[in-house]
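Inspection log for the structure reproduced underneath, given as structure tokens.
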Amino acid sequence: MEENDLAYIRTYTGGYFYPAHPELLVPRIDDIAHALSQVCRYNGHLFDFYSVAQHSLLVEAYSTRAMLKENPNIEEGSLRKFRLQALLHDAAETYLPDMPSPVKQFLPDFKVLEKKVMAQIFRCFNIPENIHAIIKEVDRDIRILEMRYMQSWKEGKETADLDALGENQIYAVPPHKSKELFLDRYYEIRDVFSS
């Protein structure tokens, strides 16, 4: 066994993540909520601290709305898995740095590792590994709005369906609050469909 095989990251709840062995990861929702609430989007280049947890909450809320509009008769179990996938779409950033996309393109090994970590998280939460097209589209639209409201950036495509969102929901929340909101959403999704 090589030395790199033994390198690990200790998580908030006392778990272990071995980068050389992402298949051994046992993700815990408390680790995910805590870590994502502590990670600032856009490498910190914002007016205020704005966490990956906040971003994930918006992606879940607006993806769910878009899915129900497109497919109002979706089966409850499928909707639950869709909502969890949207909420956890950036969960790899619990264990890996939030690498800005323009930098990530130059690090193919990082992208491979990130994909393996996401696949393991999705397997453990029993949700599909391929991110749904609606979630990808909403994620892109929300990213544009985040830049509009959290930076001085004013260019880019119009997002008419989501435009009112910026003024109402894209603002800084302290990490402890975004963690609480993230956990509340997770348990709401889980409990709504388990009763």
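Residue numbering restarts at 1 for every chain of the structure tokens, chains are lettered A, B, ... in their displayed order, and ligands are numbered from 1 as they appear.
Residues in contact with Ile29 in chain A at up to 9 Å, not including ones fewer than 4 positions away on its chain and judged by only C-alpha atoms, are A:Ala33, A:His34, A:Leu183, A:Tyr186.
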Which residues of range 9-58 of chain A have any atom within 7 Å of an atom in range 113-134 of chain A when counting only C-alpha atoms, and what is the closest pair of atoms for each, with the distance in Å to one decimal? Order the rows by chain and rising number and write it as CSV.
residue,atom,partner,partner_atom,distance
A:Pro22,CA,A:Val117,CA,5.5
A:Glu23,CA,A:Gln120,CA,6.0
A:Leu25,CA,A:Gln120,CA,6.9
A:Pro27,CA,A:Ile121,CA,6.1
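Proximity to Ala172 in chain A was assessed for A:Asp184, A:Glu76, A:Asp48, A:Asp31 counting only C-alpha atoms; the smallest distance is recorded for A:Asp48.
A straight line drawn from CA of Leu57 in chain A to CA of Gln151 in chain A is 19.6 Å long.
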Q.
Residues within 9 Å of Pro174 in chain A, please, as a ChimeraX atom specification. Count only C-alpha atoms; anything in the same chain fewer than 4 positions from it doesn't count.
A. /A:37,49-51,178-179
Preceding selection exported with N, CA and C atoms as a CSV table (one decimal), in the first residue's frame:
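New file again.csv:
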chain,number,residue,atom,x,y,z
A,37,SER,N,-21.9,24.9,4.4
A,37,SER,CA,-22.2,26.2,4.9
A,37,SER,C,-21.0,27.0,5.2
A,49,PHE,N,-20.1,37.0,2.4
A,49,PHE,CA,-20.0,35.6,2.4
A,49,PHE,C,-21.3,35.0,2.0
A,50,TYR,N,-21.2,34.1,1.0
A,50,TYR,CA,-22.4,33.4,0.4
A,50,TYR,C,-22.0,32.0,0.2
A,51,SER,N,-22.7,31.1,0.9
A,51,SER,CA,-22.2,29.7,1.0
A,51,SER,C,-22.7,28.8,-0.1
A,178,SER,N,-27.3,29.0,7.4
A,178,SER,CA,-27.4,28.2,6.1
A,178,SER,C,-27.3,26.7,6.4
A,179,LYS,N,-26.5,26.4,7.4
A,179,LYS,CA,-26.4,24.9,7.8
A,179,LYS,C,-27.8,24.5,8.3
(Q) I need the residues of range 7-77 of chain A that end up classed as strand (DSSP E or B) by DSSP on the backbone, written out as a ChimeraX atom specification. (A) /A:9-10,16-17,40,51
Can you write out the residues you just picked, keeping C-alpha atoms, as a short mmCIF file (atom, residue, chain, number, x, y, z; two decimals), in the first residue's frame?
data_model
loop_
_atom_site.label_atom_id
_atom_site.label_comp_id
_atom_site.auth_asym_id
_atom_site.auth_seq_id
_atom_site.Cartn_x
_atom_site.Cartn_y
_atom_site.Cartn_z
CA ILE A 9 -9.32 14.17 5.65
CA ARG A 10 -11.11 14.05 9.01
CA TYR A 16 -12.76 9.92 7.27
CA PHE A 17 -12.38 10.67 3.58
CA CYS A 40 -17.91 30.54 0.10
CA SER A 51 -22.19 29.71 0.98
#
(Q) Run DSSP on the backbone and tell me which residues of range 70-136 of chain A come out as helix (DSSP H, G or I); list them as a PyMOL selection string. (A) chain A and resi 70+76-87+91-94+101-104+108-124+133-136
Q | Test item: residues at most 12 Å from Glu60 in chain A, only C-alpha atoms, excluding those fewer than 2 positions along its chain, as an MDAnalysis selection string | A | chainID A and resid 53:58 62:67 79:90 132 134:139 142 182 185:186 189
Using N, CA and C atoms, can you export the residues from the last selection as an mmCIF file, in the first residue's frame?
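Dumped everything to selection33.cif:
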data_model
loop_
_atom_site.group_PDB
_atom_site.id
_atom_site.type_symbol
_atom_site.label_atom_id
_atom_site.label_comp_id
_atom_site.auth_asym_id
_atom_site.auth_seq_id
_atom_site.Cartn_x
_atom_site.Cartn_y
_atom_site.Cartn_z
ATOM 1 N N ALA A 53 -23.994 26.034 0.624
ATOM 2 C CA ALA A 53 -25.263 25.536 1.182
ATOM 3 C C ALA A 53 -26.426 26.412 0.731
ATOM 4 N N GLN A 54 -26.261 27.745 0.776
ATOM 5 C CA GLN A 54 -27.321 28.648 0.306
ATOM 6 C C GLN A 54 -27.626 28.407 -1.169
ATOM 7 N N HIS A 55 -26.578 28.297 -1.953
ATOM 8 C CA HIS A 55 -26.735 28.030 -3.378
ATOM 9 C C HIS A 55 -27.515 26.726 -3.592
ATOM 10 N N SER A 56 -27.160 25.705 -2.850
ATOM 11 C CA SER A 56 -27.810 24.402 -2.996
ATOM 12 C C SER A 56 -29.295 24.468 -2.656
ATOM 13 N N LEU A 57 -29.641 25.243 -1.646
ATOM 14 C CA LEU A 57 -31.049 25.418 -1.274
ATOM 15 C C LEU A 57 -31.837 26.064 -2.406
ATOM 16 N N LEU A 58 -31.258 27.070 -3.044
ATOM 17 C CA LEU A 58 -31.943 27.725 -4.158
ATOM 18 C C LEU A 58 -32.095 26.791 -5.348
ATOM 19 N N TYR A 62 -35.879 25.847 -6.816
ATOM 20 C CA TYR A 62 -36.287 26.235 -8.159
ATOM 21 C C TYR A 62 -36.267 25.066 -9.139
ATOM 22 N N SER A 63 -35.433 24.063 -8.887
ATOM 23 C CA SER A 63 -35.477 22.842 -9.700
ATOM 24 C C SER A 63 -36.778 22.091 -9.447
ATOM 25 N N THR A 64 -37.180 22.032 -8.190
ATOM 26 C CA THR A 64 -38.420 21.343 -7.835
ATOM 27 C C THR A 64 -39.612 22.032 -8.487
ATOM 28 N N ARG A 65 -39.613 23.350 -8.430
ATOM 29 C CA ARG A 65 -40.696 24.110 -9.066
ATOM 30 C C ARG A 65 -40.737 23.833 -10.570
ATOM 31 N N ALA A 66 -39.570 23.817 -11.206
ATOM 32 C CA ALA A 66 -39.501 23.562 -12.650
ATOM 33 C C ALA A 66 -39.942 22.133 -12.982
ATOM 34 N N MET A 67 -39.538 21.175 -12.161
ATOM 35 C CA MET A 67 -39.927 19.782 -12.398
ATOM 36 C C MET A 67 -41.435 19.601 -12.270
ATOM 37 N N LEU A 79 -39.890 12.152 -7.229
ATOM 38 C CA LEU A 79 -39.719 13.562 -6.869
ATOM 39 C C LEU A 79 -38.772 13.705 -5.692
ATOM 40 N N ARG A 80 -38.882 12.829 -4.714
ATOM 41 C CA ARG A 80 -37.985 12.873 -3.562
ATOM 42 C C ARG A 80 -36.532 12.712 -4.011
ATOM 43 N N LYS A 81 -36.266 11.727 -4.879
ATOM 44 C CA LYS A 81 -34.903 11.505 -5.363
ATOM 45 C C LYS A 81 -34.411 12.703 -6.170
ATOM 46 N N PHE A 82 -35.292 13.275 -6.977
ATOM 47 C CA PHE A 82 -34.941 14.462 -7.749
ATOM 48 C C PHE A 82 -34.570 15.613 -6.811
ATOM 49 N N ARG A 83 -35.394 15.853 -5.795
ATOM 50 C CA ARG A 83 -35.134 16.948 -4.854
ATOM 51 C C ARG A 83 -33.824 16.738 -4.108
ATOM 52 N N LEU A 84 -33.565 15.498 -3.676
ATOM 53 C CA LEU A 84 -32.294 15.216 -2.981
ATOM 54 C C LEU A 84 -31.109 15.420 -3.921
ATOM 55 N N GLN A 85 -31.256 15.010 -5.171
ATOM 56 C CA GLN A 85 -30.174 15.215 -6.127
ATOM 57 C C GLN A 85 -29.890 16.704 -6.307
ATOM 58 N N ALA A 86 -30.945 17.508 -6.383
ATOM 59 C CA ALA A 86 -30.765 18.954 -6.529
ATOM 60 C C ALA A 86 -30.090 19.539 -5.284
ATOM 61 N N LEU A 87 -30.547 19.144 -4.106
ATOM 62 C CA LEU A 87 -29.959 19.666 -2.867
ATOM 63 C C LEU A 87 -28.497 19.258 -2.731
ATOM 64 N N LEU A 88 -28.163 18.053 -3.174
ATOM 65 C CA LEU A 88 -26.809 17.513 -2.989
ATOM 66 C C LEU A 88 -25.935 17.644 -4.236
ATOM 67 N N HIS A 89 -26.356 18.438 -5.209
ATOM 68 C CA HIS A 89 -25.629 18.486 -6.480
ATOM 69 C C HIS A 89 -24.189 18.980 -6.347
ATOM 70 N N ASP A 90 -23.868 19.717 -5.295
ATOM 71 C CA ASP A 90 -22.494 20.176 -5.056
ATOM 72 C C ASP A 90 -21.886 19.528 -3.807
ATOM 73 N N HIS A 132 -29.856 15.517 -13.304
ATOM 74 C CA HIS A 132 -30.980 15.783 -14.211
ATOM 75 C C HIS A 132 -30.770 17.099 -14.957
ATOM 76 N N ILE A 134 -32.834 19.424 -15.782
ATOM 77 C CA ILE A 134 -33.492 20.576 -15.139
ATOM 78 C C ILE A 134 -32.591 21.174 -14.072
ATOM 79 N N ILE A 135 -31.965 20.324 -13.279
ATOM 80 C CA ILE A 135 -31.076 20.805 -12.211
ATOM 81 C C ILE A 135 -29.894 21.553 -12.811
ATOM 82 N N LYS A 136 -29.331 21.024 -13.891
ATOM 83 C CA LYS A 136 -28.201 21.698 -14.553
ATOM 84 C C LYS A 136 -28.614 23.075 -15.067
ATOM 85 N N GLU A 137 -29.797 23.154 -15.664
ATOM 86 C CA GLU A 137 -30.259 24.430 -16.212
ATOM 87 C C GLU A 137 -30.518 25.453 -15.105
ATOM 88 N N VAL A 138 -31.184 25.026 -14.049
ATOM 89 C CA VAL A 138 -31.458 25.933 -12.924
ATOM 90 C C VAL A 138 -30.151 26.367 -12.271
ATOM 91 N N ASP A 139 -29.223 25.455 -12.117
ATOM 92 C CA ASP A 139 -27.911 25.769 -11.540
ATOM 93 C C ASP A 139 -27.225 26.871 -12.347
ATOM 94 N N ILE A 142 -29.166 30.238 -11.802
ATOM 95 C CA ILE A 142 -28.931 30.800 -10.471
ATOM 96 C C ILE A 142 -27.512 31.338 -10.363
ATOM 97 N N PHE A 182 -30.266 24.168 5.487
ATOM 98 C CA PHE A 182 -29.936 23.015 4.652
ATOM 99 C C PHE A 182 -30.438 21.728 5.311
ATOM 100 N N ARG A 185 -34.219 21.466 5.196
ATOM 101 C CA ARG A 185 -34.706 21.083 3.878
ATOM 102 C C ARG A 185 -34.499 19.595 3.640
ATOM 103 N N TYR A 186 -33.323 19.099 4.010
ATOM 104 C CA TYR A 186 -33.041 17.676 3.837
ATOM 105 C C TYR A 186 -34.077 16.823 4.575
ATOM 106 N N ILE A 189 -37.577 16.987 2.989
ATOM 107 C CA ILE A 189 -37.676 16.130 1.795
ATOM 108 C C ILE A 189 -37.803 14.672 2.209
#
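Picture a line from CA of Pro175 in chain A to CA of Gln38 in chain A; it runs 5.8 Å.
Compared by their closest atoms to Tyr12 in chain A, and using only C-alpha atoms, the residues A:Glu180, A:Asp30, A:Asp141, A:Asp191 rank with A:Asp30 nearest.
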